[in-house]
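Chemist: One file: target-v8.cif (mmCIF, C-alpha atoms, pLDDT in the B column; chains and numbers go by the auth columns).
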data_final
loop_
_atom_site.group_PDB
_atom_site.id
_atom_site.type_symbol
_atom_site.label_atom_id
_atom_site.label_comp_id
_atom_site.label_asym_id
_atom_site.label_seq_id
_atom_site.Cartn_x
_atom_site.Cartn_y
_atom_site.Cartn_z
_atom_site.B_iso_or_equiv
_atom_site.auth_seq_id
_atom_site.auth_asym_id
ATOM 1 C CA MET A 1 14.615 114.397 87.657 79.00 1 A
ATOM 2 C CA LEU A 2 16.683 114.548 90.842 85.00 2 A
ATOM 3 C CA PHE A 3 16.795 118.317 90.553 90.00 3 A
ATOM 4 C CA ILE A 4 12.973 118.531 90.496 92.00 4 A
ATOM 5 C CA VAL A 5 12.658 116.132 93.447 91.00 5 A
ATOM 6 C CA ASN A 6 15.218 118.105 95.454 93.00 6 A
ATOM 7 C CA ALA A 7 13.557 121.386 94.516 94.00 7 A
ATOM 8 C CA ILE A 8 10.137 120.160 95.731 94.00 8 A
ATOM 9 C CA LEU A 9 11.664 118.853 98.954 94.00 9 A
ATOM 10 C CA ILE A 10 13.635 122.021 99.696 95.00 10 A
ATOM 11 C CA LEU A 11 10.655 124.182 98.809 94.00 11 A
ATOM 12 C CA GLY A 12 8.475 122.038 101.089 94.00 12 A
ATOM 13 C CA ILE A 13 10.931 122.293 103.996 95.00 13 A
ATOM 14 C CA ALA A 14 11.477 126.011 103.582 94.00 14 A
ATOM 15 C CA SER A 15 7.808 126.913 103.126 92.00 15 A
ATOM 16 C CA SER A 16 6.744 124.660 106.017 93.00 16 A
ATOM 17 C CA PHE A 17 9.334 126.216 108.293 92.00 17 A
ATOM 18 C CA LEU A 18 8.244 129.700 107.273 91.00 18 A
ATOM 19 C CA THR A 19 4.489 129.116 107.476 89.00 19 A
ATOM 20 C CA PHE A 20 4.515 127.070 110.679 89.00 20 A
ATOM 21 C CA PHE A 21 7.269 128.777 112.682 88.00 21 A
ATOM 22 C CA VAL A 22 7.793 132.280 111.321 86.00 22 A
ATOM 23 C CA LEU A 23 4.786 133.699 109.470 83.00 23 A
ATOM 24 C CA HIS A 24 2.167 132.747 112.058 77.00 24 A
ATOM 25 C CA ARG A 25 3.710 135.210 114.478 79.00 25 A
ATOM 26 C CA ILE A 26 3.448 138.012 111.928 83.00 26 A
ATOM 27 C CA VAL A 27 -0.035 137.027 110.674 80.00 27 A
ATOM 28 C CA ARG A 28 -1.416 137.447 114.192 78.00 28 A
ATOM 29 C CA PHE A 29 -1.207 141.183 113.654 82.00 29 A
ATOM 30 C CA PHE A 30 -3.009 141.008 110.264 82.00 30 A
ATOM 31 C CA PRO A 31 -6.289 139.074 110.703 80.00 31 A
ATOM 32 C CA VAL A 32 -7.143 139.555 106.999 80.00 32 A
ATOM 33 C CA LEU A 33 -4.239 137.301 106.057 81.00 33 A
ATOM 34 C CA ILE A 34 -5.223 134.410 108.341 82.00 34 A
ATOM 35 C CA ASN A 35 -7.144 132.530 105.602 82.00 35 A
ATOM 36 C CA TYR A 36 -4.280 132.919 103.153 86.00 36 A
ATOM 37 C CA HIS A 37 -1.854 131.766 105.813 86.00 37 A
ATOM 38 C CA LEU A 38 -3.867 128.593 106.398 87.00 38 A
ATOM 39 C CA MET A 39 -3.893 127.891 102.676 90.00 39 A
ATOM 40 C CA LEU A 40 -0.139 128.433 102.529 89.00 40 A
ATOM 41 C CA GLN A 41 0.360 126.060 105.458 90.00 41 A
ATOM 42 C CA ILE A 42 -1.655 123.343 103.679 92.00 42 A
ATOM 43 C CA ILE A 43 0.274 123.848 100.439 93.00 43 A
ATOM 44 C CA SER A 44 3.564 123.798 102.357 93.00 44 A
ATOM 45 C CA ALA A 45 2.613 120.601 104.159 93.00 45 A
ATOM 46 C CA VAL A 46 1.580 118.971 100.864 94.00 46 A
ATOM 47 C CA LEU A 47 4.843 120.062 99.256 94.00 47 A
ATOM 48 C CA LEU A 48 6.849 118.705 102.181 94.00 48 A
ATOM 49 C CA ILE A 49 5.049 115.328 102.155 95.00 49 A
ATOM 50 C CA LEU A 50 5.329 115.085 98.365 94.00 50 A
ATOM 51 C CA GLY A 51 9.005 116.021 98.517 94.00 51 A
ATOM 52 C CA VAL A 52 9.789 113.411 101.173 95.00 52 A
ATOM 53 C CA TYR A 53 7.784 110.774 99.272 95.00 53 A
ATOM 54 C CA LEU A 54 9.474 111.536 95.943 94.00 54 A
ATOM 55 C CA LYS A 55 12.916 111.660 97.534 93.00 55 A
ATOM 56 C CA GLY A 56 12.330 108.297 99.197 94.00 56 A
ATOM 57 C CA GLY A 57 10.999 106.813 95.961 92.00 57 A
ATOM 58 C CA TYR A 58 13.918 108.174 93.994 91.00 58 A
ATOM 59 C CA SER A 59 16.427 106.769 96.509 92.00 59 A
ATOM 60 C CA VAL A 60 14.807 103.340 96.444 92.00 60 A
ATOM 61 C CA GLU A 61 14.678 103.412 92.654 89.00 61 A
ATOM 62 C CA LYS A 62 18.368 104.330 92.560 91.00 62 A
ATOM 63 C CA ILE A 63 19.263 101.502 94.930 93.00 63 A
ATOM 64 C CA TRP A 64 17.388 99.055 92.694 90.00 64 A
ATOM 65 C CA ARG A 65 18.929 100.413 89.513 90.00 65 A
ATOM 66 C CA ASP A 66 22.418 100.081 91.035 93.00 66 A
ATOM 67 C CA ARG A 67 21.571 96.555 92.101 91.00 67 A
ATOM 68 C CA VAL A 68 20.350 95.712 88.592 91.00 68 A
ATOM 69 C CA ALA A 69 23.512 97.143 87.059 92.00 69 A
ATOM 70 C CA GLU A 70 25.605 95.137 89.516 92.00 70 A
ATOM 71 C CA LEU A 71 23.654 91.945 88.724 92.00 71 A
ATOM 72 C CA GLU A 72 23.902 92.515 84.987 92.00 72 A
ATOM 73 C CA ALA A 73 27.664 92.905 85.301 93.00 73 A
ATOM 74 C CA LYS A 74 27.865 89.671 87.303 93.00 74 A
ATOM 75 C CA ILE A 75 25.680 87.888 84.740 93.00 75 A
ATOM 76 C CA ALA A 76 27.931 89.067 81.915 93.00 76 A
ATOM 77 C CA VAL A 77 30.953 87.621 83.753 94.00 77 A
ATOM 78 C CA ALA A 78 29.038 84.389 84.466 94.00 78 A
ATOM 79 C CA GLU A 79 28.043 84.045 80.806 93.00 79 A
ATOM 80 C CA GLU A 80 31.657 84.477 79.783 94.00 80 A
ATOM 81 C CA GLN A 81 32.718 81.829 82.313 95.00 81 A
ATOM 82 C CA SER A 82 29.927 79.590 81.030 95.00 82 A
ATOM 83 C CA LYS A 83 31.237 79.861 77.463 95.00 83 A
ATOM 84 C CA LYS A 84 34.761 79.064 78.621 95.00 84 A
ATOM 85 C CA THR A 85 33.458 76.052 80.528 95.00 85 A
ATOM 86 C CA ASN A 86 31.710 74.823 77.383 96.00 86 A
ATOM 87 C CA GLU A 87 34.898 75.173 75.388 96.00 87 A
ATOM 88 C CA LYS A 88 36.891 73.355 78.071 96.00 88 A
ATOM 89 C CA VAL A 89 34.340 70.528 78.299 96.00 89 A
ATOM 90 C CA VAL A 90 34.277 70.106 74.499 96.00 90 A
ATOM 91 C CA ILE A 91 38.070 70.093 74.198 97.00 91 A
ATOM 92 C CA GLU A 92 38.349 67.533 76.978 96.00 92 A
ATOM 93 C CA TYR A 93 35.594 65.445 75.359 97.00 93 A
ATOM 94 C CA ARG A 94 37.295 65.469 71.947 97.00 94 A
ATOM 95 C CA ASP A 95 40.685 64.578 73.452 97.00 95 A
ATOM 96 C CA ARG A 96 39.291 61.691 75.459 97.00 96 A
ATOM 97 C CA VAL A 97 37.246 60.350 72.516 96.00 97 A
ATOM 98 C CA GLN A 98 40.336 60.563 70.327 97.00 98 A
ATOM 99 C CA VAL A 99 42.249 58.387 72.818 97.00 99 A
ATOM 100 C CA VAL A 100 39.417 55.810 72.687 96.00 100 A
ATOM 101 C CA LYS A 101 39.404 55.843 68.874 95.00 101 A
ATOM 102 C CA ASP A 102 43.190 55.491 68.737 96.00 102 A
ATOM 103 C CA THR A 103 43.072 52.565 71.146 95.00 103 A
ATOM 104 C CA GLN A 104 40.355 50.945 69.053 95.00 104 A
ATOM 105 C CA ILE A 105 42.430 51.252 65.902 95.00 105 A
ATOM 106 C CA VAL A 106 45.392 49.636 67.665 96.00 106 A
ATOM 107 C CA VAL A 107 43.235 46.762 68.955 95.00 107 A
ATOM 108 C CA GLN A 108 41.582 46.237 65.541 94.00 108 A
ATOM 109 C CA GLU A 109 45.036 46.084 63.970 95.00 109 A
ATOM 110 C CA LYS A 110 46.128 43.522 66.544 95.00 110 A
ATOM 111 C CA ILE A 111 43.019 41.451 65.836 94.00 111 A
ATOM 112 C CA LYS A 112 43.919 41.438 62.148 93.00 112 A
ATOM 113 C CA GLU A 113 47.397 40.235 63.059 93.00 113 A
ATOM 114 C CA VAL A 114 46.136 37.280 65.080 92.00 114 A
ATOM 115 C CA GLU A 115 43.005 36.680 62.959 91.00 115 A
ATOM 116 C CA LYS A 116 44.210 33.467 61.379 91.00 116 A
ATOM 117 C CA ILE A 117 45.503 31.963 64.599 91.00 117 A
ATOM 118 C CA VAL A 118 42.312 32.766 66.508 89.00 118 A
ATOM 119 C CA ASP A 119 39.979 31.568 63.763 91.00 119 A
ATOM 120 C CA ALA A 120 41.954 28.357 63.283 91.00 120 A
ATOM 121 C CA GLN A 121 41.541 27.380 66.909 87.00 121 A
ATOM 122 C CA CYS A 122 37.819 27.912 67.273 85.00 122 A
ATOM 123 C CA THR A 123 34.584 28.269 65.330 88.00 123 A
ATOM 124 C CA LEU A 124 31.684 30.351 66.482 89.00 124 A
ATOM 125 C CA ALA A 125 28.409 28.545 67.103 90.00 125 A
ATOM 126 C CA ASP A 126 25.094 30.093 65.972 91.00 126 A
ATOM 127 C CA GLU A 127 23.977 30.151 69.597 92.00 127 A
ATOM 128 C CA ALA A 128 26.913 32.371 70.526 92.00 128 A
ATOM 129 C CA VAL A 129 25.979 34.840 67.773 92.00 129 A
ATOM 130 C CA LYS A 130 22.356 34.878 68.935 93.00 130 A
ATOM 131 C CA LEU A 131 23.363 35.388 72.558 93.00 131 A
ATOM 132 C CA HIS A 132 25.708 38.203 71.641 93.00 132 A
ATOM 133 C CA ASN A 133 23.027 39.949 69.578 93.00 133 A
ATOM 134 C CA GLN A 134 20.479 39.483 72.324 92.00 134 A
ATOM 135 C CA ALA A 135 22.828 41.189 74.769 91.00 135 A
ATOM 136 C CA ALA A 136 23.509 43.992 72.296 90.00 136 A
ATOM 137 C CA GLN A 137 19.806 44.512 71.602 88.00 137 A
ATOM 138 C CA SER A 138 18.527 47.760 73.082 82.00 138 A
ATOM 139 C CA ILE A 139 15.712 47.297 75.546 78.00 139 A
ATOM 140 C CA LYS A 140 12.447 48.421 74.014 68.00 140 A
ATOM 141 C CA GLY A 141 9.999 50.524 75.955 61.00 141 A
ATOM 142 C CA ASP A 142 12.540 52.362 78.073 55.00 142 A
ATOM 143 C CA LYS A 143 12.312 55.464 75.913 53.00 143 A
ATOM 144 C CA LYS A 144 10.661 57.045 72.819 48.00 144 A
ATOM 145 C CA MET B 1 -13.678 109.148 101.259 56.00 145 B
ATOM 146 C CA LYS B 2 -13.719 106.873 98.227 65.00 146 B
ATOM 147 C CA PHE B 3 -11.447 109.254 96.402 65.00 147 B
ATOM 148 C CA LEU B 4 -9.065 109.297 99.353 59.00 148 B
ATOM 149 C CA LEU B 5 -8.927 105.492 99.426 62.00 149 B
ATOM 150 C CA ILE B 6 -8.277 105.270 95.696 72.00 150 B
ATOM 151 C CA ALA B 7 -5.636 107.994 95.872 67.00 151 B
ATOM 152 C CA ALA B 8 -3.928 106.352 98.877 62.00 152 B
ATOM 153 C CA SER B 9 -3.975 102.943 97.141 65.00 153 B
ATOM 154 C CA ALA B 10 -2.490 104.454 94.003 65.00 154 B
ATOM 155 C CA VAL B 11 0.280 106.097 95.991 60.00 155 B
ATOM 156 C CA VAL B 12 1.032 102.905 97.911 59.00 156 B
ATOM 157 C CA LEU B 13 1.087 100.841 94.702 64.00 157 B
ATOM 158 C CA THR B 14 3.773 103.081 93.242 61.00 158 B
ATOM 159 C CA GLY B 15 6.065 101.496 95.830 57.00 159 B
ATOM 160 C CA CYS B 16 5.784 98.143 94.044 59.00 160 B
ATOM 161 C CA ILE B 17 8.854 97.898 91.853 57.00 161 B
ATOM 162 C CA SER B 18 9.618 94.994 89.588 61.00 162 B
ATOM 163 C CA VAL B 19 13.224 94.719 88.491 62.00 163 B
ATOM 164 C CA PRO B 20 13.619 92.559 85.400 74.00 164 B
ATOM 165 C CA VAL B 21 17.048 90.946 85.200 79.00 165 B
ATOM 166 C CA LYS B 22 17.161 88.438 82.382 83.00 166 B
ATOM 167 C CA ARG B 23 19.348 85.374 82.694 85.00 167 B
ATOM 168 C CA ASN B 24 19.914 83.003 79.815 85.00 168 B
ATOM 169 C CA PHE B 25 20.077 79.270 80.380 90.00 169 B
ATOM 170 C CA PRO B 26 23.598 78.132 79.459 91.00 170 B
ATOM 171 C CA GLU B 27 23.831 76.579 76.031 90.00 171 B
ATOM 172 C CA ALA B 28 25.012 72.966 76.157 93.00 172 B
ATOM 173 C CA PRO B 29 27.804 71.944 73.769 94.00 173 B
ATOM 174 C CA LYS B 30 26.363 70.311 70.647 94.00 174 B
ATOM 175 C CA GLU B 31 28.951 67.526 70.915 93.00 175 B
ATOM 176 C CA LEU B 32 27.228 66.326 74.085 95.00 176 B
ATOM 177 C CA MET B 33 23.733 66.672 72.658 95.00 177 B
ATOM 178 C CA THR B 34 23.990 63.622 70.409 93.00 178 B
ATOM 179 C CA GLN B 35 22.553 60.295 71.489 92.00 179 B
ATOM 180 C CA CYS B 36 24.736 57.268 72.098 93.00 180 B
ATOM 181 C CA PRO B 37 24.569 54.884 69.121 92.00 181 B
ATOM 182 C CA GLU B 38 23.037 51.414 69.296 93.00 182 B
ATOM 183 C CA LEU B 39 25.433 48.537 69.910 94.00 183 B
ATOM 184 C CA ILE B 40 26.574 46.696 66.818 94.00 184 B
ATOM 185 C CA LYS B 41 25.294 43.169 66.278 94.00 185 B
ATOM 186 C CA LEU B 42 26.959 40.193 64.638 94.00 186 B
ATOM 187 C CA GLN B 43 25.719 39.177 61.208 92.00 187 B
ATOM 188 C CA ASP B 44 23.779 35.939 61.191 91.00 188 B
ATOM 189 C CA GLY B 45 25.920 33.019 60.157 90.00 189 B
ATOM 190 C CA THR B 46 29.154 34.496 61.469 89.00 190 B
ATOM 191 C CA THR B 47 31.487 31.686 62.416 90.00 191 B
ATOM 192 C CA GLN B 48 34.792 33.471 62.865 92.00 192 B
ATOM 193 C CA ILE B 49 35.879 34.442 66.351 92.00 193 B
ATOM 194 C CA SER B 50 37.878 37.318 64.906 93.00 194 B
ATOM 195 C CA GLU B 51 34.666 38.868 63.511 93.00 195 B
ATOM 196 C CA MET B 52 33.102 38.629 66.923 94.00 196 B
ATOM 197 C CA LEU B 53 36.193 40.227 68.472 93.00 197 B
ATOM 198 C CA LYS B 54 35.997 43.122 66.016 94.00 198 B
ATOM 199 C CA VAL B 55 32.337 43.749 66.834 95.00 199 B
ATOM 200 C CA ILE B 56 32.978 43.477 70.569 95.00 200 B
ATOM 201 C CA THR B 57 35.894 45.885 70.311 95.00 201 B
ATOM 202 C CA GLU B 58 33.723 48.290 68.363 95.00 202 B
ATOM 203 C CA ASN B 59 31.005 48.045 70.994 95.00 203 B
ATOM 204 C CA TYR B 60 33.490 48.599 73.820 96.00 204 B
ATOM 205 C CA GLY B 61 34.673 51.699 71.990 95.00 205 B
ATOM 206 C CA GLN B 62 31.095 52.958 71.752 95.00 206 B
ATOM 207 C CA TYR B 63 30.604 52.328 75.449 95.00 207 B
ATOM 208 C CA HIS B 64 33.760 54.271 76.313 96.00 208 B
ATOM 209 C CA GLU B 65 32.693 57.181 74.116 96.00 209 B
ATOM 210 C CA CYS B 66 29.293 57.157 75.745 96.00 210 B
ATOM 211 C CA LYS B 67 30.881 57.053 79.197 96.00 211 B
ATOM 212 C CA ILE B 68 33.058 60.033 78.320 96.00 212 B
ATOM 213 C CA LYS B 69 29.952 61.880 77.143 97.00 213 B
ATOM 214 C CA SER B 70 28.207 61.108 80.416 96.00 214 B
ATOM 215 C CA ASP B 71 31.285 62.217 82.417 96.00 215 B
ATOM 216 C CA GLN B 72 31.456 65.461 80.456 96.00 216 B
ATOM 217 C CA TRP B 73 27.733 66.084 81.047 97.00 217 B
ATOM 218 C CA ILE B 74 28.277 65.711 84.791 97.00 218 B
ATOM 219 C CA GLN B 75 31.277 68.016 84.664 96.00 219 B
ATOM 220 C CA TRP B 76 29.339 70.518 82.521 96.00 220 B
ATOM 221 C CA TYR B 77 26.386 70.522 84.924 96.00 221 B
ATOM 222 C CA ASN B 78 28.521 70.892 88.060 96.00 222 B
ATOM 223 C CA GLN B 79 30.551 73.753 86.634 96.00 223 B
ATOM 224 C CA GLN B 80 27.552 75.554 85.170 95.00 224 B
ATOM 225 C CA LYS B 81 25.706 75.225 88.490 95.00 225 B
ATOM 226 C CA LYS B 82 28.699 76.656 90.319 95.00 226 B
ATOM 227 C CA ILE B 83 28.786 79.616 87.906 94.00 227 B
ATOM 228 C CA PHE B 84 25.004 80.055 88.152 93.00 228 B
ATOM 229 C CA ASP B 85 25.077 80.027 91.960 92.00 229 B
ATOM 230 C CA SER B 86 27.922 82.550 92.048 91.00 230 B
ATOM 231 C CA VAL B 87 25.578 85.269 90.727 88.00 231 B
ATOM 232 C CA LYS B 88 23.610 86.604 93.670 83.00 232 B
#
Using structure tokens, write down the structure that the file contains.

Modeler:
Amino acid sequence: MLFIVNAILILGIASSFLTFFVLHRIVRFFPVLINYHLMLQIISAVLLILGVYLKGGYSVEKIWRDRVAELEAKIAVAEEQSKKTNEKVVIEYRDRVQVVKDTQIVVQEKIKEVEKIVDAQCTLADEAVKLHNQAAQSIKGDKK
Amino acid sequence: MKFLLIAASAVVLTGCISVPVKRNFPEAPKELMTQCPELIKLQDGTTQISEMLKVITENYGQYHECKIKSDQWIQWYNQQKKIFDSVK
């Protein structure tokens, strides 16, 4: 692709140079060739414009492709980092939850140890149970 | 003239390049995707303080787990945002 673009551009430059700066001096001596010379000049100009346009387009396309490749590489690194972050967050979550569960087990065991003493000193009124359950009740209407 | 306009427009439009770079939204850990459980209630007719203590302890535990989940969500979001913003 680049070869074709370069070929058109070089051909355009060379033919334009020849037809506009060299051949017109020679053609002056051969009036029969004037029409052909004009046609050649037009073709040369078209080739030159097309060559410059294609070269510019190709360069821009290349810049964008490089940029895309660069971005894709960065995204791949970011996705890897993202996975590692997930793993780290999960490990930390599990460790912290385990500490909470362990603490709960210890406290529950301690409650069992002092169960009789605590229960002997006080009885729970129905109102206390109702109040506790009211506080524990999830508030309806805030979701779902 | 019309042909020239159409041809010029076509040439100009070839300059419009769209570069598709796909980015995936980071997948959240499934451990954090679960809802916090409802608090446990006392059974009607409970008279023992120790029973109440057990339920309260259980509920405190649930709160702490839920708090950890919330903390980890914040940490997850902040770190993922930082990673997301680093790609420019």

Chemist: Restricting the calculation to all atoms listed in the file, which member of B:Cys210, B:Ile150, B:Arg167, B:Tyr221 is positioned closest to A:Ala78?

Modeler: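 The closest residue to A:Ala78 is B:Arg167.
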
Chemist: Quick check on the file I pasted: which residues fall under the PyMOL selection byres ((chain B) within 9 of (chain A))? Write them as an MDAnalysis selection string.

Modeler: chainID B and resid 158:159 161 163:168 170:176 182:198 201:206 208:209 212:213 215:217 219:220 223:224 227:228 230:232

Chemist: Kindly resolve the PyMOL selection byres ((chain A and resi 44) around 8) on the present coordinates and return the residues as JSON, numbers by chain.

Modeler: {"A": [11, 12, 13, 15, 16, 19, 40, 41, 42, 43, 45, 46, 47, 48]}

Chemist: What is the distance between atom CA of A:His37 and atom CA of A:Leu23, in Å to one decimal?

Modeler: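 These atoms are spaced 7.8 Å apart.
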
Chemist: So the first atom is atom CA of A:Val5 and the second is atom CA of A:Tyr36; what is the distance between them in Å, to one decimal place?

Modeler: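 Between these atoms lies a distance of 25.7 Å.
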
Chemist: I'd like the interatomic distance between atom CA of A:Lys55 and atom CA of A:Ile10, to a tenth of an Å.

Modeler: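 Separating atom CA of A:Lys55 from atom CA of A:Ile10 is a distance of 10.6 Å.
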
Chemist: Rank nothing, just name the residue among A:Leu2, A:Asn35, A:Phe30, A:Gly51 nearest to A:Ala14, using all atoms listed in the file.

Modeler: A:Gly51

Chemist: Which centre and which edge lengths, in Å to one decimal, describe the axis-aligned box that holds all listed atoms of stretch 49-62 of chain A after 5 Å is added on each side, as JSON?

Modeler:
{"center_x": 11.7, "center_y": 109.7, "center_z": 97.4, "size_x": 23.3, "size_y": 22.7, "size_z": 19.6}
